[in-house]
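Everything below belongs to coords-v1.pdb, which stores PDB, C-alpha atoms.
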```pdb
ATOM      1  CA  MET A   1      -8.816   9.798  33.926
ATOM      2  CA  SER A   2      -6.393   9.146  31.082
ATOM      3  CA  LEU A   3      -7.139   9.405  27.385
ATOM      4  CA  TRP A   4      -6.324   5.697  26.984
ATOM      5  CA  TYR A   5      -8.967   4.811  29.559
ATOM      6  CA  VAL A   6     -11.590   6.984  27.848
ATOM      7  CA  LEU A   7     -10.872   5.523  24.412
ATOM      8  CA  ALA A   8     -10.914   1.988  25.790
ATOM      9  CA  HIS A   9     -14.346   2.472  27.349
ATOM     10  CA  GLN A  10     -15.974   4.698  24.719
ATOM     11  CA  PRO A  11     -16.167   2.678  21.461
ATOM     12  CA  THR A  12     -17.724   5.501  19.462
ATOM     13  CA  LEU A  13     -15.075   7.985  20.542
ATOM     14  CA  PHE A  14     -12.395   5.413  19.761
ATOM     15  CA  VAL A  15     -13.696   4.932  16.213
ATOM     16  CA  ILE A  16     -13.952   8.693  15.637
ATOM     17  CA  THR A  17     -10.427   9.225  16.942
ATOM     18  CA  VAL A  18      -9.064   6.500  14.674
ATOM     19  CA  PHE A  19     -10.947   8.019  11.729
ATOM     20  CA  LEU A  20      -9.306  11.409  12.332
ATOM     21  CA  LEU A  21      -5.924   9.744  12.756
ATOM     22  CA  GLY A  22      -6.522   7.858   9.511
ATOM     23  CA  LEU A  23      -7.171  11.130   7.692
ATOM     24  CA  LEU A  24      -3.823  12.491   8.895
ATOM     25  CA  VAL A  25      -2.000   9.296   7.966
ATOM     26  CA  GLY A  26      -3.742   9.332   4.581
ATOM     27  CA  SER A  27      -2.277  12.790   3.972
ATOM     28  CA  PHE A  28       1.195  11.405   4.664
ATOM     29  CA  LEU A  29       0.495   8.361   2.486
ATOM     30  CA  ASN A  30      -0.169  10.734  -0.405
ATOM     31  CA  VAL A  31       3.419  11.921   0.030
ATOM     32  CA  VAL A  32       4.699   8.333   0.158
ATOM     33  CA  ILE A  33       2.715   7.356  -2.951
ATOM     34  CA  HIS A  34       4.036  10.335  -4.901
ATOM     35  CA  ARG A  35       7.641  10.492  -3.723
ATOM     36  CA  LEU A  36       8.800   6.955  -2.994
ATOM     37  CA  PRO A  37       8.802   5.811  -6.662
ATOM     38  CA  ARG A  38      10.698   8.965  -7.620
ATOM     39  CA  MET A  39      13.222   8.356  -4.856
ATOM     40  CA  MET A  40      13.666   4.791  -6.141
ATOM     41  CA  GLU A  41      14.178   6.046  -9.699
ATOM     42  CA  ALA A  42      16.747   8.613  -8.549
ATOM     43  CA  ASN A  43      18.671   5.936  -6.630
ATOM     44  CA  PHE A  44      18.534   3.605  -9.633
ATOM     45  CA  ARG A  45      19.877   6.287 -11.956
ATOM     46  CA  ALA A  46      22.641   7.158  -9.493
ATOM     47  CA  GLU A  47      23.671   3.498  -9.276
ATOM     48  CA  CYS A  48      23.688   3.180 -13.072
ATOM     49  CA  GLU A  49      25.865   6.272 -13.420
ATOM     50  CA  PHE A  50      28.181   4.910 -10.735
ATOM     51  CA  LEU A  51      28.580   1.538 -12.473
ATOM     52  CA  ASN A  52      29.125   3.027 -15.919
ATOM     53  CA  GLN A  53      31.994   5.318 -14.930
ATOM     54  CA  PRO A  54      35.655   4.585 -14.199
ATOM     55  CA  THR A  55      36.512   4.874 -10.533
ATOM     56  CA  ASP A  56      38.674   7.945 -11.057
ATOM     57  CA  THR A  57      35.818   9.850 -12.734
ATOM     58  CA  ILE A  58      33.042   9.077 -10.238
ATOM     59  CA  PRO A  59      31.603  12.448  -9.224
ATOM     60  CA  ILE A  60      31.460  13.384  -5.585
ATOM     61  CA  GLU A  61      27.893  13.763  -4.365
ATOM     62  CA  ASP A  62      26.765  17.357  -4.581
ATOM     63  CA  SER A  63      26.114  18.403  -0.993
ATOM     64  CA  THR A  64      24.462  21.611  -2.177
ATOM     65  CA  LYS A  65      21.683  19.717  -3.935
ATOM     66  CA  PRO A  66      18.478  20.003  -1.873
ATOM     67  CA  PRO A  67      17.395  16.711  -0.319
ATOM     68  CA  TYR A  68      14.374  14.917  -1.680
ATOM     69  CA  ASN A  69      12.762  12.405   0.637
ATOM     70  CA  LEU A  70       9.502  11.784   2.456
ATOM     71  CA  ILE A  71      10.079  14.773   4.747
ATOM     72  CA  THR A  72      11.686  17.429   2.598
ATOM     73  CA  PRO A  73      10.989  19.503   0.605
ATOM     74  CA  ARG A  74       7.572  20.710   1.705
ATOM     75  CA  SER A  75       4.603  19.778  -0.426
ATOM     76  CA  CYS A  76       3.956  22.339  -3.126
ATOM     77  CA  CYS A  77       1.556  23.115  -5.937
ATOM     78  CA  PRO A  78       2.357  21.136  -9.117
ATOM     79  CA  GLY A  79       1.507  24.226 -11.184
ATOM     80  CA  CYS A  80       3.231  27.234  -9.624
ATOM     81  CA  GLY A  81       5.474  25.480  -7.113
ATOM     82  CA  SER A  82       4.170  27.466  -4.153
ATOM     83  CA  PRO A  83       4.619  25.623  -0.848
ATOM     84  CA  ILE A  84       1.331  24.415   0.595
ATOM     85  CA  ALA A  85       0.627  26.175   3.874
ATOM     86  CA  SER A  86      -0.418  24.136   6.884
ATOM     87  CA  TYR A  87      -3.941  25.609   6.816
ATOM     88  CA  ASP A  88      -4.263  24.445   3.198
ATOM     89  CA  ASN A  89      -3.095  20.948   4.079
ATOM     90  CA  ILE A  90      -5.939  19.852   6.345
ATOM     91  CA  PRO A  91      -7.037  16.429   5.072
ATOM     92  CA  VAL A  92     -10.133  16.522   2.820
ATOM     93  CA  LEU A  93     -11.392  19.803   4.305
ATOM     94  CA  SER A  94      -8.791  22.056   2.676
ATOM     95  CA  TRP A  95      -9.397  20.483  -0.732
ATOM     96  CA  LEU A  96     -13.133  21.084  -0.373
ATOM     97  CA  LEU A  97     -12.724  24.686   0.807
ATOM     98  CA  LEU A  98     -10.339  25.462  -2.051
ATOM     99  CA  LYS A  99     -12.662  23.681  -4.505
ATOM    100  CA  GLY A 100      -9.846  21.406  -5.596
ATOM    101  CA  LYS A 101      -7.571  24.227  -6.778
ATOM    102  CA  CYS A 102      -4.326  25.867  -5.708
ATOM    103  CA  ARG A 103      -4.918  28.988  -3.642
ATOM    104  CA  HIS A 104      -2.367  30.950  -5.703
ATOM    105  CA  CYS A 105      -2.518  29.860  -9.338
ATOM    106  CA  LYS A 106      -5.836  27.960  -9.354
ATOM    107  CA  THR A 107      -4.217  24.854 -10.829
ATOM    108  CA  ALA A 108      -6.521  21.874 -10.337
ATOM    109  CA  ILE A 109      -5.452  19.503  -7.547
ATOM    110  CA  SER A 110      -6.350  15.875  -8.234
ATOM    111  CA  VAL A 111      -9.387  14.544  -6.412
ATOM    112  CA  ARG A 112      -7.349  11.456  -5.610
ATOM    113  CA  TYR A 113      -5.588  13.239  -2.752
ATOM    114  CA  PRO A 114      -8.713  13.687  -0.622
ATOM    115  CA  LEU A 115      -9.958  10.263  -1.723
ATOM    116  CA  VAL A 116      -6.793   8.606  -0.381
ATOM    117  CA  GLU A 117      -7.168  10.548   2.867
ATOM    118  CA  LEU A 118     -10.858   9.741   3.209
ATOM    119  CA  GLY A 119     -10.365   6.115   2.203
ATOM    120  CA  THR A 120      -7.580   5.664   4.758
ATOM    121  CA  GLY A 121      -9.722   7.256   7.449
ATOM    122  CA  LEU A 122     -12.753   5.099   6.667
ATOM    123  CA  LEU A 123     -10.741   1.879   6.457
ATOM    124  CA  SER A 124      -9.003   2.677   9.738
ATOM    125  CA  ALA A 125     -12.304   3.469  11.437
ATOM    126  CA  GLY A 126     -13.860   0.296  10.044
ATOM    127  CA  ILE A 127     -11.028  -1.811  11.482
ATOM    128  CA  ALA A 128     -11.377  -0.022  14.819
ATOM    129  CA  ALA A 129     -15.117  -0.691  14.888
ATOM    130  CA  TYR A 130     -14.665  -4.333  13.896
ATOM    131  CA  PHE A 131     -11.902  -5.306  16.319
ATOM    132  CA  GLY A 132     -12.541  -2.788  19.089
ATOM    133  CA  TRP A 133      -9.993  -1.238  21.388
ATOM    134  CA  GLY A 134      -6.799  -3.220  21.740
ATOM    135  CA  PHE A 135      -3.607  -4.547  20.261
ATOM    136  CA  ILE A 136      -5.300  -6.377  17.375
ATOM    137  CA  ALA A 137      -6.931  -3.198  16.098
ATOM    138  CA  ALA A 138      -3.685  -1.229  16.393
ATOM    139  CA  GLY A 139      -1.705  -3.811  14.448
ATOM    140  CA  THR A 140      -4.240  -4.344  11.681
ATOM    141  CA  ILE A 141      -4.683  -0.602  11.194
ATOM    142  CA  VAL A 142      -0.950  -0.347  10.483
ATOM    143  CA  PHE A 143      -1.371  -3.271   8.073
ATOM    144  CA  ILE A 144      -4.104  -1.335   6.269
ATOM    145  CA  TRP A 145      -1.944   1.791   6.009
ATOM    146  CA  PHE A 146       0.805  -0.143   4.247
ATOM    147  CA  LEU A 147      -1.724  -1.715   1.888
ATOM    148  CA  VAL A 148      -3.173   1.670   0.919
ATOM    149  CA  ALA A 149       0.267   2.954  -0.084
ATOM    150  CA  LEU A 150       1.101  -0.227  -2.008
ATOM    151  CA  PHE A 151      -2.257  -0.176  -3.816
ATOM    152  CA  TRP A 152      -1.734   3.268  -5.289
ATOM    153  CA  ILE A 153       1.999   2.973  -5.978
ATOM    154  CA  ASP A 154       1.473  -0.200  -7.982
ATOM    155  CA  ALA A 155      -1.540   1.284  -9.775
ATOM    156  CA  ASP A 156       0.567   4.290 -10.789
ATOM    157  CA  THR A 157       3.965   2.793 -11.505
ATOM    158  CA  TYR A 158       3.670  -1.031 -11.661
ATOM    159  CA  LEU A 159       6.083  -1.096  -8.712
ATOM    160  CA  LEU A 160       5.781  -2.672  -5.272
ATOM    161  CA  PRO A 161       8.748  -1.205  -3.382
ATOM    162  CA  ASP A 162      10.838  -3.450  -1.139
ATOM    163  CA  ASP A 163      10.912  -0.493   1.248
ATOM    164  CA  LEU A 164       7.247  -1.270   1.965
ATOM    165  CA  THR A 165       6.703  -4.966   1.228
ATOM    166  CA  LEU A 166       9.634  -6.285   3.262
ATOM    167  CA  PRO A 167       8.934  -4.242   6.423
ATOM    168  CA  LEU A 168       5.284  -5.249   6.084
ATOM    169  CA  LEU A 169       6.291  -8.916   5.986
ATOM    170  CA  TRP A 170       8.511  -8.643   9.086
ATOM    171  CA  LEU A 171       5.917  -6.609  10.952
ATOM    172  CA  GLY A 172       3.345  -9.328  10.232
ATOM    173  CA  LEU A 173       5.609 -11.997  11.706
ATOM    174  CA  LEU A 174       6.377  -9.868  14.767
ATOM    175  CA  PHE A 175       2.705  -9.008  15.198
ATOM    176  CA  ASN A 176       1.733 -12.668  15.265
ATOM    177  CA  LEU A 177       4.713 -13.518  17.466
ATOM    178  CA  VAL A 178       3.121 -11.509  20.281
ATOM    179  CA  GLY A 179      -0.445 -12.761  19.922
ATOM    180  CA  GLY A 180      -1.824 -11.229  16.744
ATOM    181  CA  LEU A 181      -4.348 -12.744  14.369
ATOM    182  CA  VAL A 182      -2.800 -16.203  13.925
ATOM    183  CA  SER A 183      -0.059 -18.309  15.475
ATOM    184  CA  LEU A 184       3.551 -17.617  14.552
ATOM    185  CA  SER A 185       3.819 -20.961  12.755
ATOM    186  CA  ASP A 186       0.755 -20.143  10.621
ATOM    187  CA  ALA A 187       2.193 -16.693   9.887
ATOM    188  CA  LEU A 188       5.571 -18.144   8.907
ATOM    189  CA  LEU A 189       3.964 -20.711   6.621
ATOM    190  CA  GLY A 190       1.779 -17.946   5.195
ATOM    191  CA  ALA A 191       4.872 -15.933   4.274
ATOM    192  CA  VAL A 192       6.648 -18.921   2.722
ATOM    193  CA  PHE A 193       3.654 -20.293   0.813
ATOM    194  CA  GLY A 194       2.552 -16.824  -0.215
ATOM    195  CA  TYR A 195       5.878 -16.165  -1.891
ATOM    196  CA  LEU A 196       6.300 -19.618  -3.400
ATOM    197  CA  SER A 197       2.773 -19.813  -4.803
ATOM    198  CA  LEU A 198       3.127 -16.778  -7.062
ATOM    199  CA  TRP A 199       6.783 -17.551  -7.723
ATOM    200  CA  SER A 200       5.697 -20.936  -9.087
ATOM    201  CA  VAL A 201       2.985 -19.381 -11.240
ATOM    202  CA  TYR A 202       5.496 -16.844 -12.546
ATOM    203  CA  TRP A 203       7.969 -19.493 -13.683
ATOM    204  CA  LEU A 204       5.317 -21.799 -15.070
ATOM    205  CA  PHE A 205       3.885 -18.953 -17.142
ATOM    206  CA  LYS A 206       7.357 -17.918 -18.298
ATOM    207  CA  LEU A 207       8.277 -21.460 -19.327
ATOM    208  CA  VAL A 208       5.052 -21.863 -21.294
ATOM    209  CA  THR A 209       4.863 -18.420 -22.940
ATOM    210  CA  GLY A 210       8.380 -17.042 -22.680
ATOM    211  CA  LYS A 211       6.948 -13.900 -21.043
ATOM    212  CA  GLU A 212       6.881 -12.564 -17.520
ATOM    213  CA  GLY A 213       3.347 -12.519 -16.157
ATOM    214  CA  MET A 214       4.044 -10.603 -12.947
ATOM    215  CA  GLY A 215       6.829  -9.011 -10.944
ATOM    216  CA  TYR A 216       8.725 -10.158  -7.888
ATOM    217  CA  GLY A 217       6.992  -7.458  -5.876
ATOM    218  CA  ASP A 218       3.748  -9.426  -6.168
ATOM    219  CA  PHE A 219       5.454 -12.451  -4.571
ATOM    220  CA  LYS A 220       6.654 -10.319  -1.669
ATOM    221  CA  LEU A 221       3.274  -8.650  -1.203
ATOM    222  CA  LEU A 222       1.453 -11.980  -1.005
ATOM    223  CA  ALA A 223       4.142 -13.228   1.388
ATOM    224  CA  ALA A 224       3.482 -10.176   3.575
ATOM    225  CA  ILE A 225      -0.277 -10.764   3.481
ATOM    226  CA  GLY A 226       0.358 -14.397   4.430
ATOM    227  CA  ALA A 227       2.569 -13.274   7.316
ATOM    228  CA  TRP A 228      -0.310 -11.199   8.692
ATOM    229  CA  LEU A 229      -3.288 -13.446   7.958
ATOM    230  CA  GLY A 230      -1.712 -16.924   7.995
ATOM    231  CA  TRP A 231      -1.463 -19.580   5.332
ATOM    232  CA  GLN A 232      -5.171 -20.428   5.684
ATOM    233  CA  ALA A 233      -6.111 -17.099   4.084
ATOM    234  CA  LEU A 234      -3.948 -17.579   0.985
ATOM    235  CA  PRO A 235      -6.456 -19.586  -1.113
ATOM    236  CA  ILE A 236      -9.085 -16.895  -0.546
ATOM    237  CA  VAL A 237      -6.658 -14.069  -1.338
ATOM    238  CA  ILE A 238      -5.387 -15.727  -4.517
ATOM    239  CA  LEU A 239      -8.888 -16.657  -5.680
ATOM    240  CA  LEU A 240     -10.382 -13.224  -5.012
ATOM    241  CA  SER A 241      -7.460 -11.281  -6.487
ATOM    242  CA  SER A 242      -7.466 -13.416  -9.640
ATOM    243  CA  LEU A 243     -11.229 -13.158 -10.038
ATOM    244  CA  VAL A 244     -11.387  -9.407  -9.462
ATOM    245  CA  GLY A 245      -8.316  -8.858 -11.633
ATOM    246  CA  ALA A 246      -9.822 -10.832 -14.499
ATOM    247  CA  ILE A 247     -13.140  -8.986 -14.320
ATOM    248  CA  ILE A 248     -11.597  -5.523 -14.101
ATOM    249  CA  GLY A 249      -8.947  -6.325 -16.712
ATOM    250  CA  ILE A 250     -11.481  -7.578 -19.247
ATOM    251  CA  THR A 251     -13.770  -4.623 -18.541
ATOM    252  CA  LEU A 252     -10.988  -2.061 -18.982
ATOM    253  CA  THR A 253      -9.782  -3.753 -22.141
ATOM    254  CA  LEU A 254     -13.249  -3.744 -23.712
ATOM    255  CA  LEU A 255     -14.320  -0.273 -22.589
ATOM    256  CA  ALA A 256     -11.056   1.633 -22.789
ATOM    257  CA  SER A 257      -9.531  -0.073 -25.834
ATOM    258  CA  ARG A 258      -6.374  -0.855 -23.874
ATOM    259  CA  GLY A 259      -5.420  -3.836 -25.990
ATOM    260  CA  TRP A 260      -5.027  -7.350 -24.666
ATOM    261  CA  SER A 261      -1.226  -7.155 -24.553
ATOM    262  CA  LYS A 262      -1.045  -4.137 -22.243
ATOM    263  CA  PRO A 263      -0.155  -5.255 -18.690
ATOM    264  CA  LEU A 264      -2.220  -4.582 -15.600
ATOM    265  CA  PRO A 265      -0.766  -4.272 -12.104
ATOM    266  CA  PHE A 266      -1.698  -7.248  -9.926
ATOM    267  CA  GLY A 267      -0.805  -5.621  -6.606
ATOM    268  CA  PRO A 268      -4.043  -3.616  -6.219
ATOM    269  CA  TYR A 269      -6.099  -6.815  -6.556
ATOM    270  CA  LEU A 270      -3.937  -8.547  -3.948
ATOM    271  CA  VAL A 271      -4.510  -5.569  -1.654
ATOM    272  CA  LEU A 272      -8.276  -5.654  -2.122
ATOM    273  CA  ALA A 273      -8.335  -9.401  -1.544
ATOM    274  CA  GLY A 274      -6.174  -8.994   1.552
ATOM    275  CA  VAL A 275      -8.547  -6.443   3.067
ATOM    276  CA  ILE A 276     -11.543  -8.674   2.344
ATOM    277  CA  ALA A 277      -9.758 -11.678   3.835
ATOM    278  CA  LEU A 278      -8.882  -9.687   6.955
ATOM    279  CA  ILE A 279     -12.548  -9.031   7.727
ATOM    280  CA  TRP A 280     -14.451 -11.909   6.152
ATOM    281  CA  GLY A 281     -11.666 -14.448   5.718
ATOM    282  CA  ASN A 282     -12.994 -17.049   8.166
ATOM    283  CA  ASP A 283     -16.488 -17.011   6.656
ATOM    284  CA  LEU A 284     -15.092 -17.229   3.133
ATOM    285  CA  GLN A 285     -12.779 -20.089   4.102
ATOM    286  CA  HIS A 286     -15.698 -22.090   5.491
ATOM    287  CA  LEU A 287     -17.683 -21.375   2.329
ATOM    288  CA  LEU A 288     -14.759 -22.365   0.097
ATOM    289  CA  TRP A 289     -14.108 -25.667   1.857
ATOM    290  CA  ALA A 290     -17.819 -26.462   1.923
ATOM    291  CA  ILE A 291     -18.065 -26.300  -1.878
TER     292      ILE A 291
END
```
Could the structure of this file be written out as C-alpha cells, please?
Amino acid sequence: MSLWYVLAHQPTLFVITVFLLGLLVGSFLNVVIHRLPRMMEANFRAECEFLNQPTDTIPIEDSTKPPYNLITPRSCCPGCGSPIASYDNIPVLSWLLLKGKCRHCKTAISVRYPLVELGTGLLSAGIAAYFGWGFIAAGTIVFIWFLVALFWIDADTYLLPDDLTLPLLWLGLLFNLVGGLVSLSDALLGAVFGYLSLWSVYWLFKLVTGKEGMGYGDFKLLAAIGAWLGWQALPIVILLSSLVGAIIGITLTLLASRGWSKPLPFGPYLVLAGVIALIWGNDLQHLLWAI
C-alpha cells in the first residue's frame, strides 16, 4: 500500500502531513523573506555601478566573494554569526526549546520566525482540509506559500518582487489550464483586469494629486490573484483589501502617531483578501451581487 493511497483515503493523516510540510516550507519562506530583498538590492547596486563606469574600468566580478542566495550561506545567528545547526532549525520547536534565543550568545531571535512557520503550516492544513486530497489542494497550497512570502516582504520593505509575482501569475494560468479553480478564459481575464484595475487607479490618483499611490508590484500581485481565482473574484478582493487597508491604516496612524503622509504597503491587504476570496469567494460574491 503506497503512501499516496494512504493519504488519499485518510483525510486526517493528509491534513497532518500537509501541516508538517507547511512548517518546513515556512522555515524556507523565512529565508526567502529575509534574503530575497537583499539579493535584489545587491543586484540593483551592481547594475548602478556598472552603468556609472566607463567600459574600460568595469571591474571583473570577484569570484572569491562568497555567494549569497537562497541556499548559501547557511542561516546564522544575527548576533554572533554562528551557523544554526540542523537540530536548532526544527520549525517552531527549536525556537520554543531555546526560549527564543541563540544557543551560543543568547541573542533574542524574533518571534516572527516561528509565527511564519506556524502560520504557513496552519494555512496549508486549512486548505488541505477544505479541498481534500487532490490536484486542487496541491495547487492552492502552492498559491498560499507564495502569498505568505509576498505578505511579509511587502510589509518589511514595500517591495513585491517580480521573482515571485510573475511566476505566481504564470502558475495560476497553468493551474487553471489543466482544470484548476476556474476556466482558463476566466483566469486570463482575471490577470488582465486585475492588472488594469489598479493600474487605472494608480494613474487616476497620480493625475489628480501628482503623487504615486501604489507601486507596480501591487498591479502584478492582483493580476496573479486574478489568474488563480478568476475575474469574478476581483471585486471582492479589491473591496476587502481596500476596506481592511483603510481600517488598519487609520488605526495605526491614530495609535502609533505614524502621520497621515507615511505610506502603508498595500500588498499585505491584497494577500489577506486573496486568501479570504479563495475560501469564501463564492459566498461573498453572491452576497455582493444581492446588495
Original post:
Within 9 Å of Arg35 in chain A, counting all atoms listed in the file, which residues qualify if same-chain residues fewer than 4 places away don't, as a list in words?
Top reply: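 Once the nearby chain positions are removed, what remains is Asn30, Val31, Met39, Met40, Tyr68, Asn69 and Leu70 of chain A.
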**OP:** With all atoms listed in the file counted, which protein, DNA or RNA residues have an atom no more than 12 Å from (-12.6, 7.2, 19.2) in the file frame? Please answer as an MDAnalysis selection string.
**Re:** chainID A and resid 3:22 124:129 132:133
Subject >> Coordinates-based distance that separates CA of Phe193 in chain A from CA of Asp218 in chain A (Å, one decimal) >> reply: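 Going from CA of Asp218 in chain A over to CA of Phe193 in chain A covers 12.9 Å.
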Original post:
Which residues fall under the PyMOL selection byres ((chain A and resi 145) around 9) in this file, as a PyMOL selection string?
Top reply: chain A and resi 22+25-26+29+120+123-124+140-144+146-150
So that each row is one residue of range 58-169 of chain A with an atom at most 6 Å from range 219-235 of chain A, can you give its shortest atom pair and the distance in Å to one decimal, using all atoms listed in the file, rows by chain and rising number, as CSV?
```
residue,atom,partner,partner_atom,distance
A:Thr165,CA,A:Leu221,CA,5.6
A:Leu168,CA,A:Ala224,CA,5.8
A:Leu169,CA,A:Ala224,CA,3.9
```
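Counting all atoms listed in the file and comparing A:Cys80, A:Ile236, A:Val116, A:Ala42, the residue that lies closest to Pro67 in chain A is A:Ala42.
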**OP:** Evaluate the PyMOL selection byres ((chain A and resi 74) around 12) here and jot the selected residues down as an MDAnalysis selection string.
**Re:** chainID A and resid 28 31 35 66:73 75:77 81:86 89
Could those residues be written to a file, using C-alpha atoms, as a compact mmCIF listing (two decimals), keeping the file's coordinate frame?
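Contents of the output file part.txt:
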```txt
# COMPACT_ATOMS: atom_id res chain seq x y z
CA PHE A 28 1.20 11.40 4.66
CA VAL A 31 3.42 11.92 0.03
CA ARG A 35 7.64 10.49 -3.72
CA PRO A 66 18.48 20.00 -1.87
CA PRO A 67 17.40 16.71 -0.32
CA TYR A 68 14.37 14.92 -1.68
CA ASN A 69 12.76 12.40 0.64
CA LEU A 70 9.50 11.78 2.46
CA ILE A 71 10.08 14.77 4.75
CA THR A 72 11.69 17.43 2.60
CA PRO A 73 10.99 19.50 0.60
CA SER A 75 4.60 19.78 -0.43
CA CYS A 76 3.96 22.34 -3.13
CA CYS A 77 1.56 23.12 -5.94
CA GLY A 81 5.47 25.48 -7.11
CA SER A 82 4.17 27.47 -4.15
CA PRO A 83 4.62 25.62 -0.85
CA ILE A 84 1.33 24.42 0.60
CA ALA A 85 0.63 26.18 3.87
CA SER A 86 -0.42 24.14 6.88
CA ASN A 89 -3.10 20.95 4.08
```
Mind filling out range 146-160 of chain A with N, CA, C and O atoms and sending it as a compact mmCIF listing (two decimals), in the coordinates of the input?
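See result_37.txt below for the written result:
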```
# COMPACT_ATOMS: atom_id res chain seq x y z
N PHE A 146 -0.17 0.34 5.23
CA PHE A 146 0.80 -0.14 4.25
C PHE A 146 0.11 -0.54 2.96
O PHE A 146 0.58 -0.23 1.86
N LEU A 147 -1.02 -1.24 3.08
CA LEU A 147 -1.72 -1.72 1.89
C LEU A 147 -2.24 -0.56 1.04
O LEU A 147 -2.23 -0.64 -0.20
N VAL A 148 -2.70 0.51 1.68
CA VAL A 148 -3.17 1.67 0.92
C VAL A 148 -2.04 2.24 0.07
O VAL A 148 -2.22 2.53 -1.14
N ALA A 149 -0.87 2.41 0.66
CA ALA A 149 0.27 2.95 -0.08
C ALA A 149 0.66 2.03 -1.23
O ALA A 149 0.90 2.48 -2.36
N LEU A 150 0.71 0.73 -0.97
CA LEU A 150 1.10 -0.23 -2.01
C LEU A 150 0.08 -0.28 -3.14
O LEU A 150 0.45 -0.42 -4.31
N PHE A 151 -1.19 -0.17 -2.80
CA PHE A 151 -2.26 -0.18 -3.82
C PHE A 151 -2.01 0.93 -4.84
O PHE A 151 -1.99 0.67 -6.06
N TRP A 152 -1.82 2.14 -4.37
CA TRP A 152 -1.73 3.27 -5.29
C TRP A 152 -0.38 3.34 -6.00
O TRP A 152 -0.32 3.75 -7.17
N ILE A 153 0.69 2.96 -5.31
CA ILE A 153 2.00 2.97 -5.98
C ILE A 153 2.01 1.98 -7.14
O ILE A 153 2.49 2.29 -8.23
N ASP A 154 1.49 0.79 -6.91
CA ASP A 154 1.47 -0.20 -7.98
C ASP A 154 0.53 0.22 -9.10
O ASP A 154 0.83 0.02 -10.29
N ALA A 155 -0.61 0.81 -8.75
CA ALA A 155 -1.54 1.28 -9.78
C ALA A 155 -0.92 2.37 -10.64
O ALA A 155 -1.18 2.44 -11.85
N ASP A 156 -0.06 3.19 -10.05
CA ASP A 156 0.57 4.29 -10.79
C ASP A 156 1.79 3.85 -11.58
O ASP A 156 1.99 4.30 -12.72
N THR A 157 2.62 3.01 -10.97
CA THR A 157 3.96 2.79 -11.50
C THR A 157 4.29 1.33 -11.82
O THR A 157 5.38 1.06 -12.33
N TYR A 158 3.40 0.40 -11.50
CA TYR A 158 3.67 -1.03 -11.66
C TYR A 158 4.84 -1.48 -10.77
O TYR A 158 5.56 -2.42 -11.09
N LEU A 159 5.02 -0.78 -9.65
CA LEU A 159 6.08 -1.10 -8.71
C LEU A 159 5.49 -1.41 -7.34
O LEU A 159 4.50 -0.78 -6.93
N LEU A 160 6.10 -2.38 -6.67
CA LEU A 160 5.78 -2.67 -5.27
C LEU A 160 7.11 -2.59 -4.51
O LEU A 160 7.86 -3.56 -4.46
```
